[in-house]
>>> print(open('final.cif').read())   # mmCIF, C-alpha atoms
data_model
#
loop_
_atom_site.label_atom_id
_atom_site.label_comp_id
_atom_site.auth_asym_id
_atom_site.auth_seq_id
_atom_site.Cartn_x
_atom_site.Cartn_y
_atom_site.Cartn_z
CA MET A 162 0.00 0.00 0.00
CA ILE A 163 2.79 2.44 0.91
CA GLY A 164 4.63 1.65 -2.34
CA LEU A 165 1.48 2.19 -4.40
CA ALA A 166 0.69 5.50 -2.69
CA HIS A 167 4.25 6.76 -3.23
CA ALA A 168 4.18 5.68 -6.88
CA LEU A 169 0.86 7.41 -7.57
CA GLN A 170 2.10 10.56 -5.83
CA TYR A 171 5.51 10.84 -7.49
CA GLY A 172 5.71 8.20 -10.25
CA GLY A 173 3.84 10.03 -12.98
CA TYR A 174 1.09 7.45 -13.33
CA GLN A 175 -2.09 8.82 -14.89
CA HIS A 176 -4.58 5.96 -15.30
CA VAL A 177 -5.50 3.03 -13.09
CA VAL A 178 -7.28 -0.17 -14.08
CA GLU A 179 -9.48 -1.42 -11.24
CA ALA A 180 -10.38 -5.08 -11.62
CA ASP A 181 -12.35 -7.58 -9.60
CA ILE A 182 -12.16 -11.33 -10.13
CA ARG A 183 -15.59 -12.89 -9.75
CA GLY A 184 -15.61 -15.74 -7.22
CA PHE A 185 -11.87 -16.20 -7.37
CA PHE A 186 -11.54 -18.81 -4.60
CA ASP A 187 -14.47 -20.77 -6.05
CA HIS A 188 -13.06 -20.97 -9.59
CA MET A 189 -9.38 -21.80 -9.20
CA ASP A 190 -8.66 -24.67 -11.59
CA HIS A 191 -7.22 -27.66 -9.73
CA ASP A 192 -5.11 -28.85 -12.64
CA TRP A 193 -3.54 -25.42 -13.01
CA VAL A 194 -2.84 -25.29 -9.26
CA ILE A 195 -0.98 -28.60 -9.33
CA LYS A 196 0.88 -27.63 -12.51
CA MET A 197 2.05 -24.36 -10.92
CA LEU A 198 3.11 -26.10 -7.71
CA ARG A 199 4.97 -28.78 -9.67
CA ARG A 200 7.29 -26.08 -11.03
CA ARG A 201 8.33 -25.24 -7.47
CA ILE A 202 7.97 -28.53 -5.56
CA ASP A 203 9.55 -31.82 -6.57
CA ASP A 204 7.65 -34.01 -4.15
CA ARG A 205 4.89 -36.19 -5.60
CA ALA A 206 3.59 -37.26 -2.20
CA PHE A 207 3.19 -33.65 -1.06
CA LEU A 208 1.49 -32.66 -4.32
CA GLY A 209 -0.82 -35.63 -3.90
CA LEU A 210 -1.84 -34.35 -0.46
CA ILE A 211 -2.58 -30.91 -1.94
CA ARG A 212 -4.76 -32.49 -4.62
CA LYS A 213 -6.65 -34.53 -2.01
CA TRP A 214 -7.15 -31.40 0.08
CA LEU A 215 -8.57 -29.57 -2.94
CA LYS A 216 -10.89 -32.50 -3.76
CA ALA A 217 -12.03 -33.07 -0.17
CA GLY A 218 -15.78 -33.18 0.33
CA ARG A 219 -17.56 -30.17 1.82
CA LEU A 220 -20.63 -30.36 4.02
CA ASP A 221 -23.32 -28.12 2.55
CA THR A 222 -26.09 -26.37 4.47
CA ASP A 223 -28.60 -29.06 3.45
CA GLY A 224 -26.43 -31.79 5.02
CA ALA A 225 -25.18 -33.22 1.73
CA VAL A 226 -21.45 -33.73 1.09
CA ARG A 227 -20.28 -32.27 -2.22
CA TYR A 228 -16.95 -32.88 -3.91
CA PRO A 229 -15.77 -29.75 -5.75
CA GLY A 230 -14.32 -29.87 -9.22
CA GLU A 231 -12.72 -26.44 -8.86
CA GLY A 232 -11.94 -23.82 -6.27
CA THR A 233 -10.34 -23.86 -2.86
CA PRO A 234 -12.18 -23.52 0.47
CA GLN A 235 -12.18 -19.95 1.76
CA GLY A 236 -10.81 -19.84 5.29
CA GLY A 237 -8.55 -22.83 4.68
CA ILE A 238 -5.03 -22.39 6.01
CA VAL A 239 -3.49 -23.15 2.61
CA SER A 240 -5.92 -21.10 0.51
CA PRO A 241 -4.05 -17.75 0.72
CA VAL A 242 -0.79 -19.45 -0.28
CA LEU A 243 -2.38 -21.21 -3.24
CA ALA A 244 -4.12 -17.98 -4.26
CA ASN A 245 -0.81 -16.12 -4.38
CA VAL A 246 0.86 -18.92 -6.34
CA TYR A 247 -2.05 -19.05 -8.79
CA LEU A 248 -2.17 -15.33 -9.54
CA HIS A 249 1.61 -15.00 -9.50
CA ASP A 250 1.74 -17.26 -12.56
CA ALA A 251 -1.52 -16.09 -14.11
CA LEU A 252 -1.08 -12.34 -13.58
CA ASP A 253 2.19 -11.16 -12.05
CA LEU A 254 4.57 -12.91 -14.44
CA TRP A 255 2.37 -12.03 -17.41
CA VAL A 256 2.46 -8.33 -16.54
CA GLU A 257 6.21 -8.42 -15.96
CA ARG A 258 7.20 -10.44 -19.04
CA VAL A 259 4.51 -9.56 -21.59
CA VAL A 260 2.63 -6.38 -20.67
CA LYS A 261 5.49 -4.13 -19.55
CA PRO A 262 7.77 -4.71 -22.58
CA ARG A 263 4.90 -3.79 -24.91
CA CYS A 264 3.88 -0.60 -23.11
CA ARG A 265 5.12 2.87 -24.04
CA GLY A 266 5.07 4.18 -20.49
CA ARG A 267 5.66 2.83 -17.02
CA VAL A 268 3.44 0.15 -15.51
CA LEU A 269 2.87 -0.74 -11.86
CA LEU A 270 0.94 -3.76 -10.57
CA CYS A 271 -0.12 -3.82 -6.92
CA ARG A 272 -1.73 -7.07 -5.78
CA TYR A 273 -2.67 -8.69 -2.49
CA ALA A 274 -4.24 -12.15 -2.98
CA ASP A 275 -7.04 -11.55 -5.53
CA ASP A 276 -7.31 -7.79 -4.90
CA PHE A 277 -5.21 -5.81 -7.39
CA VAL A 278 -4.91 -2.61 -9.40
CA CYS A 279 -2.61 -1.75 -12.29
CA ALA A 280 -1.38 1.81 -12.86
CA PHE A 281 -0.22 3.15 -16.23
CA ALA A 282 1.51 6.31 -17.38
CA CYS A 283 -0.23 6.18 -20.81
CA ARG A 284 -3.94 5.80 -21.39
CA ALA A 285 -3.39 3.69 -24.52
CA ASP A 286 -1.48 1.14 -22.46
CA ALA A 287 -4.26 1.05 -19.88
CA GLN A 288 -6.88 0.49 -22.57
CA ARG A 289 -4.97 -2.41 -24.11
CA PHE A 290 -4.51 -4.01 -20.71
CA TYR A 291 -8.21 -3.54 -19.93
CA GLN A 292 -9.18 -5.30 -23.17
CA VAL A 293 -6.73 -8.20 -22.87
CA LEU A 294 -7.09 -8.90 -19.14
CA PRO A 295 -10.39 -10.89 -19.41
CA LYS A 296 -8.88 -13.16 -22.07
CA ARG A 297 -5.80 -13.76 -19.96
CA LEU A 298 -7.79 -14.69 -16.86
CA GLU A 299 -10.19 -16.83 -18.87
CA LYS A 300 -7.26 -19.07 -19.80
CA PHE A 301 -6.97 -19.97 -16.10
CA GLY A 302 -10.70 -20.43 -15.52
CA LEU A 303 -11.22 -16.98 -14.04
CA GLU A 304 -13.64 -14.20 -14.96
CA VAL A 305 -13.60 -10.48 -14.25
CA ALA A 306 -16.71 -8.76 -12.90
CA PRO A 307 -17.52 -6.16 -15.62
CA GLU A 308 -19.48 -3.95 -13.22
CA LYS A 309 -16.43 -3.66 -10.94
CA THR A 310 -13.74 -3.41 -13.63
CA GLN A 311 -12.94 -0.02 -15.12
CA ILE A 312 -10.28 2.47 -16.16
CA VAL A 313 -10.14 5.55 -13.95
CA LEU A 314 -8.22 8.78 -14.34
CA PHE A 315 -6.25 9.06 -11.12
CA SER A 316 -3.61 11.67 -11.80
CA ARG A 317 -1.80 14.11 -9.57
CA SER A 318 -1.65 16.61 -12.45
CA ARG A 319 -5.43 16.40 -12.95
CA PRO A 320 -6.82 15.52 -9.52
CA ASP A 321 -10.53 14.80 -9.18
CA PRO A 322 -11.61 15.30 -5.54
CA SER A 323 -14.65 13.07 -6.07
CA MET A 324 -12.60 10.11 -7.33
CA ARG A 325 -12.01 7.33 -4.79
CA LEU A 326 -9.71 4.39 -5.45
CA VAL A 327 -10.37 1.46 -3.09
CA VAL A 328 -7.34 -0.82 -2.65
CA ILE A 329 -6.93 -3.52 0.01
CA GLY A 330 -9.47 -1.98 2.37
CA PHE A 331 -8.31 1.64 2.00
CA GLU A 332 -9.64 4.58 0.04
CA LEU A 333 -7.08 6.62 -1.89
CA TYR A 334 -8.08 10.14 -2.86
CA TRP A 335 -6.54 13.46 -3.81
CA TYR A 336 -6.56 16.33 -1.33
CA ARG A 337 -5.43 19.91 -1.93
CA THR A 338 -3.70 21.42 1.11
CA PHE A 339 -4.13 25.01 2.23
CA ARG A 340 -0.84 25.78 0.46
CA GLY A 341 -2.25 24.49 -2.81
CA ARG A 342 -0.24 21.26 -2.91
CA VAL A 343 -1.99 18.14 -4.19
CA GLN A 344 -1.49 15.29 -1.74
CA LEU A 345 -2.56 11.65 -1.96
CA MET A 346 -4.45 10.70 1.19
CA ARG A 347 -5.49 7.31 2.55
CA ARG A 348 -8.31 6.34 4.86
CA THR A 349 -10.17 3.19 5.84
CA ALA A 350 -12.73 2.24 3.20
CA ARG A 351 -16.33 2.87 4.26
CA LYS A 352 -17.41 -0.79 4.15
CA CYS A 353 -14.34 -1.91 6.07
CA LEU A 354 -14.91 0.73 8.75
CA GLN A 355 -18.56 -0.24 9.12
CA ARG A 356 -17.54 -3.89 9.39
CA ALA A 357 -14.99 -3.03 12.10
CA ILE A 358 -17.58 -1.04 14.07
CA ARG A 359 -20.07 -3.93 13.89
CA SER A 360 -17.38 -6.37 14.97
CA ILE A 361 -16.27 -4.37 18.02
CA THR A 362 -19.90 -3.64 18.98
CA ASN A 363 -20.81 -7.33 18.82
CA TRP A 364 -17.76 -8.20 20.91
CA ILE A 365 -18.73 -5.63 23.56
CA ARG A 366 -22.29 -6.93 23.71
CA SER A 367 -21.24 -10.58 24.04
CA HIS A 368 -18.43 -9.92 26.56
CA ARG A 369 -20.05 -7.34 28.82
CA HIS A 370 -20.10 -9.94 31.61
CA LEU A 371 -16.30 -9.72 32.02
CA PRO A 372 -14.91 -8.04 35.16
CA GLY A 373 -14.25 -4.33 34.70
CA ARG A 374 -10.47 -4.34 34.39
CA GLU A 375 -10.41 -7.42 32.19
CA PHE A 376 -13.11 -5.96 29.94
CA VAL A 377 -11.17 -2.70 29.46
CA LYS A 378 -7.91 -4.57 28.86
CA GLU A 379 -9.44 -6.78 26.15
CA LEU A 380 -11.28 -3.88 24.53
CA ASN A 381 -8.13 -1.76 24.41
CA ARG A 382 -6.19 -4.68 22.94
CA ARG A 383 -8.65 -4.91 20.04
CA LEU A 384 -8.67 -1.17 19.45
CA LEU A 385 -4.87 -1.10 19.51
CA GLY A 386 -4.75 -3.90 16.95
CA HIS A 387 -7.02 -1.90 14.65
CA ASP A 388 -4.86 1.20 15.17
CA ASN A 389 -1.74 -0.75 14.23
CA ASP A 390 -3.39 -2.01 11.03
CA ASP A 391 -5.06 1.24 9.92
CA GLY A 392 -2.87 3.83 11.63
CA LEU A 393 -1.89 5.70 8.47
CA ARG A 394 -1.26 9.40 8.02
CA GLY A 395 -4.56 11.12 7.26
CA ASN A 396 -6.68 8.32 8.70
CA ALA A 397 -7.26 9.84 12.14
CA ALA A 398 -10.95 10.55 11.48
CA ALA A 399 -11.72 6.90 10.74
CA LEU A 400 -9.80 5.74 13.83
CA TRP A 401 -11.60 8.29 16.00
CA ARG A 402 -14.96 7.16 14.63
CA LEU A 403 -14.22 3.56 15.63
CA HIS A 404 -13.03 4.58 19.11
CA THR A 405 -16.09 6.77 19.63
CA ALA A 406 -18.40 3.94 18.57
CA ALA A 407 -16.58 1.55 20.91
CA VAL A 408 -16.94 3.87 23.91
CA ALA A 409 -20.63 4.46 23.16
CA ALA A 410 -21.28 0.73 22.82
CA ALA A 411 -19.37 0.01 26.04
CA PHE A 412 -21.45 2.48 28.05
CA LYS A 413 -24.66 1.22 26.45
CA TRP A 414 -24.14 -2.48 27.15
CA LEU A 415 -22.41 -2.15 30.52
CA ASN A 416 -25.36 -0.10 31.72
CA ARG A 417 -27.66 -2.97 30.77
CA ARG A 418 -25.97 -5.61 32.87
CA GLY A 419 -27.09 -6.01 36.43
CA GLY A 420 -25.13 -5.41 39.59
CA ALA A 421 -22.59 -2.88 38.29
CA SER A 422 -22.60 0.62 36.96
CA VAL A 423 -20.59 1.90 34.06
CA GLY A 424 -18.16 3.67 36.37
CA ALA A 425 -17.56 0.55 38.42
CA SER A 426 -17.03 -1.55 35.32
CA LEU A 427 -14.76 0.79 33.40
CA GLY A 428 -12.99 2.25 36.41
CA THR A 429 -12.27 5.51 34.61
CA ARG A 430 -13.51 6.63 31.25
CA SER A 431 -10.00 7.43 30.11
CA SER A 432 -9.16 3.72 30.18
CA VAL A 433 -10.83 3.31 26.80
CA PRO A 434 -9.14 5.36 24.04
#
>>> encode(input="final.cif", output="structure tokens")
Amino acid sequence: MIGLAHALQYGGYQHVVEADIRGFFDHMDHDWVIKMLRRRIDDRAFLGLIRKWLKAGRLDTDGAVRYPGEGTPQGGIVSPVLANVYLHDALDLWVERVVKPRCRGRVLLCRYADDFVCAFACRADAQRFYQVLPKRLEKFGLEVAPEKTQIVLFSRSRPDPSMRLVVIGFELYWYRTFRGRVQLMRRTARKCLQRAIRSITNWIRSHRHLPGREFVKELNRRLLGHDNDDGLRGNAAALWRLHTAAVAAAFKWLNRRGGASVGASLGTRSSVP
């Protein structure tokens, strides 16, 4: 994220291709996965275990066991690794070896698992990439979501204050300082912030029975973890919104439990950021 922000700010990139792979974890081709792993691992027994893991039956909501012909289970401990291997061969190497040599300007690919954007200095290069990308992914059994795939003008020289670029849970946008300088800012994406607020509120509601000091310690630990993940320059408003929501939820639910007041449970209000 830091490398992408620095490149967009100072690298001279003008256009960004936003792309979304539809149901990526559900459509990974098993044969391609094994073929890609075989290039890196010379162990037939280990590859056989990976294949069995991919083919393992899954218990559906109706109680029936289904054996998938493609995809990898989301939440599986190996799924993120396989996803990176899959898109490294399908996308990263293709951009590095095929796309970049054929482009007139500079190209930058930023990817985390199946979430990626590609920045271009020339619009013509971005248009060619946009047209060829679906064909490239189709070769590996993948499909882009047309409604979430587009070319956007995201240029420091022609900043659009209304343009928001969402990458890996953060919104990137241009901001003009009081001195007239155009600065790239980052903040937690709206959906991610709402999800974090719901998560911390649900935790407070389900753990309000904890003793006061233990409750505050655990709550602060979760807020600190969020601050460490999203504590970027310019993101103070989003962090403050989460902390404010957490304090409000703590006072609401601690007041609803019997036998203790909010003051007795929290000790002091300053204990919660």
>>> residues_around(input="final.cif", residues="Val256 of chain A", least_positions_apart="4", cutoff="9 Å", atoms="only C-alpha atoms", output="list of chain:residue names")
A:Leu252, A:Val260, A:Lys261, A:Pro262, A:Val268, A:Leu269, A:Leu270
>>> write_last_selection(input="final.cif", atoms="C-alpha atoms", output="compact mmCIF listing (two decimals), keeping the file's coordinate frame")
# COMPACT_ATOMS: atom_id res chain seq x y z
CA LEU A 252 -1.08 -12.34 -13.58
CA VAL A 260 2.63 -6.38 -20.67
CA LYS A 261 5.49 -4.13 -19.55
CA PRO A 262 7.77 -4.71 -22.58
CA VAL A 268 3.44 0.15 -15.51
CA LEU A 269 2.87 -0.74 -11.86
CA LEU A 270 0.94 -3.76 -10.57
>>> atom_distance(input="final.cif", atom1="atom CA of Ile238 of chain A", atom2="atom CA of Lys216 of chain A")
15.2 Å
>>> residues_around(input="final.cif", residues="Ile361 of chain A", least_positions_apart="6", cutoff="10 Å", atoms="all atoms listed in the file", output="PyMOL selection string")
chain A and resi 367+380+383-384+403-404+406-407+410-411
>>> resolve_selection(input="final.cif", expression="the PyMOL selection byres ((chain A and resi 181-198) around 8)", output="ChimeraX atom specification")
/A:179-180,199-202,208,211-212,215,230-235,240,243-244,246-247,250,275-277,301-306,309-310
>>> closest_residue(input="final.cif", among="A:Arg418, A:His176, A:Lys300, A:Arg272", to="His370 of chain A", atoms="only C-alpha atoms")
A:Arg418
>>> resolve_selection(input="final.cif", expression="the PyMOL selection byres ((chain A and resi 388) around 10)", output="mmCIF file with C-alpha atoms, in the coordinates of the input")
data_model
loop_
_atom_site.group_PDB
_atom_site.id
_atom_site.type_symbol
_atom_site.label_atom_id
_atom_site.label_comp_id
_atom_site.auth_asym_id
_atom_site.auth_seq_id
_atom_site.Cartn_x
_atom_site.Cartn_y
_atom_site.Cartn_z
ATOM 1 C CA ARG A 382 -6.190 -4.680 22.940
ATOM 2 C CA ARG A 383 -8.650 -4.910 20.040
ATOM 3 C CA LEU A 384 -8.670 -1.170 19.450
ATOM 4 C CA LEU A 385 -4.870 -1.100 19.510
ATOM 5 C CA GLY A 386 -4.750 -3.900 16.950
ATOM 6 C CA HIS A 387 -7.020 -1.900 14.650
ATOM 7 C CA ASN A 389 -1.740 -0.750 14.230
ATOM 8 C CA ASP A 390 -3.390 -2.010 11.030
ATOM 9 C CA ASP A 391 -5.060 1.240 9.920
ATOM 10 C CA GLY A 392 -2.870 3.830 11.630
ATOM 11 C CA LEU A 393 -1.890 5.700 8.470
ATOM 12 C CA ASN A 396 -6.680 8.320 8.700
ATOM 13 C CA ALA A 397 -7.260 9.840 12.140
ATOM 14 C CA ALA A 399 -11.720 6.900 10.740
ATOM 15 C CA LEU A 400 -9.800 5.740 13.830
ATOM 16 C CA TRP A 401 -11.600 8.290 16.000
ATOM 17 C CA LEU A 403 -14.220 3.560 15.630
ATOM 18 C CA HIS A 404 -13.030 4.580 19.110
#
>>> atom_distance(input="final.cif", atom1="atom CA of Gln344 of chain A", atom2="atom CA of Val327 of chain A")
16.5 Å
>>> atom_distance(input="final.cif", atom1="atom CA of Arg340 of chain A", atom2="atom CA of Gln175 of chain A")
22.9 Å
>>> residues_around(input="final.cif", residues="Glu379 of chain A", least_positions_apart="2", cutoff="12 Å", atoms="only C-alpha atoms", output="MDAnalysis selection string")
chainID A and resid 361 364:365 368:369 371:377 381:386 427 432:433
>>> closest_residue(input="final.cif", among="A:Val226, A:Leu294, A:Ala350, A:Leu314", to="Ala280 of chain A", atoms="all atoms listed in the file")
A:Leu314
>>> closest_residue(input="final.cif", among="A:Arg359, A:Arg317, A:His249, A:Lys296", to="Ala274 of chain A", atoms="all atoms listed in the file")
A:His249
>>> closest_residue(input="final.cif", among="A:Arg366, A:Lys352, A:Arg284, A:Arg263", to="Val177 of chain A", atoms="only C-alpha atoms")
A:Arg284
>>> closest_residue(input="final.cif", among="A:Leu254, A:Val328, A:Trp335, A:Arg356", to="Phe315 of chain A", atoms="only C-alpha atoms")
A:Trp335
>>> closest_residue(input="final.cif", among="A:Asn245, A:Gln311, A:Ser318, A:Gln288", to="Leu169 of chain A", atoms="only C-alpha atoms")
A:Ser318
>>> resolve_selection(input="final.cif", expression="the PyMOL selection byres ((chain A and resi 343) around 12)", output="JSON, numbers by chain")
{"A": [169, 170, 171, 316, 317, 318, 319, 320, 321, 322, 334, 335, 336, 337, 338, 339, 340, 341, 342, 344, 345, 346]}
>>> build_atoms(input="final.cif", residues="segment 362-382 of chain A", atoms="N, CA, C and O atoms", output="mmCIF file, in the frame of the given file")
data_model
loop_
_atom_site.group_PDB
_atom_site.id
_atom_site.type_symbol
_atom_site.label_atom_id
_atom_site.label_comp_id
_atom_site.auth_asym_id
_atom_site.auth_seq_id
_atom_site.Cartn_x
_atom_site.Cartn_y
_atom_site.Cartn_z
ATOM 1 N N THR A 362 -18.635 -3.766 18.246
ATOM 2 C CA THR A 362 -19.900 -3.640 18.980
ATOM 3 C C THR A 362 -20.428 -5.008 19.386
ATOM 4 O O THR A 362 -20.899 -5.191 20.521
ATOM 5 N N ASN A 363 -20.360 -5.970 18.491
ATOM 6 C CA ASN A 363 -20.810 -7.330 18.820
ATOM 7 C C ASN A 363 -19.948 -7.942 19.918
ATOM 8 O O ASN A 363 -20.456 -8.660 20.787
ATOM 9 N N TRP A 364 -18.638 -7.674 19.857
ATOM 10 C CA TRP A 364 -17.760 -8.200 20.910
ATOM 11 C C TRP A 364 -18.123 -7.592 22.255
ATOM 12 O O TRP A 364 -18.182 -8.306 23.277
ATOM 13 N N ILE A 365 -18.369 -6.291 22.302
ATOM 14 C CA ILE A 365 -18.730 -5.630 23.560
ATOM 15 C C ILE A 365 -20.025 -6.208 24.113
ATOM 16 O O ILE A 365 -20.144 -6.474 25.314
ATOM 17 N N ARG A 366 -21.004 -6.413 23.255
ATOM 18 C CA ARG A 366 -22.290 -6.930 23.710
ATOM 19 C C ARG A 366 -22.159 -8.346 24.266
ATOM 20 O O ARG A 366 -22.788 -8.683 25.265
ATOM 21 N N SER A 367 -21.338 -9.178 23.609
ATOM 22 C CA SER A 367 -21.240 -10.580 24.040
ATOM 23 C C SER A 367 -20.239 -10.787 25.171
ATOM 24 O O SER A 367 -20.217 -11.868 25.775
ATOM 25 N N HIS A 368 -19.426 -9.763 25.494
ATOM 26 C CA HIS A 368 -18.430 -9.920 26.560
ATOM 27 C C HIS A 368 -18.631 -8.897 27.683
ATOM 28 O O HIS A 368 -17.709 -8.661 28.474
ATOM 29 N N ARG A 369 -19.808 -8.343 27.788
ATOM 30 C CA ARG A 369 -20.050 -7.340 28.820
ATOM 31 C C ARG A 369 -20.064 -7.942 30.229
ATOM 32 O O ARG A 369 -20.035 -7.206 31.223
ATOM 33 N N HIS A 370 -20.098 -9.272 30.317
ATOM 34 C CA HIS A 370 -20.100 -9.940 31.610
ATOM 35 C C HIS A 370 -18.709 -9.992 32.246
ATOM 36 O O HIS A 370 -18.576 -10.331 33.426
ATOM 37 N N LEU A 371 -17.661 -9.651 31.483
ATOM 38 C CA LEU A 371 -16.300 -9.720 32.020
ATOM 39 C C LEU A 371 -16.112 -8.722 33.150
ATOM 40 O O LEU A 371 -16.738 -7.656 33.159
ATOM 41 N N PRO A 372 -15.233 -9.026 34.118
ATOM 42 C CA PRO A 372 -14.910 -8.040 35.160
ATOM 43 C C PRO A 372 -14.373 -6.751 34.533
ATOM 44 O O PRO A 372 -13.787 -6.768 33.448
ATOM 45 N N GLY A 373 -14.563 -5.644 35.254
ATOM 46 C CA GLY A 373 -14.250 -4.330 34.700
ATOM 47 C C GLY A 373 -12.866 -4.195 34.100
ATOM 48 O O GLY A 373 -12.701 -3.811 32.938
ATOM 49 N N ARG A 374 -11.843 -4.524 34.870
ATOM 50 C CA ARG A 374 -10.470 -4.340 34.390
ATOM 51 C C ARG A 374 -10.170 -5.268 33.203
ATOM 52 O O ARG A 374 -9.496 -4.880 32.257
ATOM 53 N N GLU A 375 -10.646 -6.491 33.285
ATOM 54 C CA GLU A 375 -10.410 -7.420 32.190
ATOM 55 C C GLU A 375 -11.123 -6.975 30.923
ATOM 56 O O GLU A 375 -10.584 -7.084 29.809
ATOM 57 N N PHE A 376 -12.347 -6.451 31.091
ATOM 58 C CA PHE A 376 -13.110 -5.960 29.940
ATOM 59 C C PHE A 376 -12.360 -4.814 29.252
ATOM 60 O O PHE A 376 -12.206 -4.794 28.023
ATOM 61 N N VAL A 377 -11.886 -3.853 30.033
ATOM 62 C CA VAL A 377 -11.170 -2.700 29.460
ATOM 63 C C VAL A 377 -9.875 -3.148 28.800
ATOM 64 O O VAL A 377 -9.520 -2.677 27.710
ATOM 65 N N LYS A 378 -9.171 -4.088 29.424
ATOM 66 C CA LYS A 378 -7.910 -4.570 28.860
ATOM 67 C C LYS A 378 -8.138 -5.229 27.499
ATOM 68 O O LYS A 378 -7.400 -4.963 26.541
ATOM 69 N N GLU A 379 -9.160 -6.088 27.408
ATOM 70 C CA GLU A 379 -9.440 -6.780 26.150
ATOM 71 C C GLU A 379 -9.945 -5.816 25.086
ATOM 72 O O GLU A 379 -9.606 -5.938 23.903
ATOM 73 N N LEU A 380 -10.766 -4.865 25.490
ATOM 74 C CA LEU A 380 -11.280 -3.880 24.530
ATOM 75 C C LEU A 380 -10.138 -3.029 23.981
ATOM 76 O O LEU A 380 -10.044 -2.795 22.768
ATOM 77 N N ASN A 381 -9.271 -2.562 24.867
ATOM 78 C CA ASN A 381 -8.130 -1.760 24.410
ATOM 79 C C ASN A 381 -7.205 -2.551 23.510
ATOM 80 O O ASN A 381 -6.625 -2.005 22.562
ATOM 81 N N ARG A 382 -7.055 -3.840 23.777
ATOM 82 C CA ARG A 382 -6.190 -4.680 22.940
ATOM 83 C C ARG A 382 -6.742 -4.752 21.520
ATOM 84 O O ARG A 382 -5.985 -4.694 20.546
#
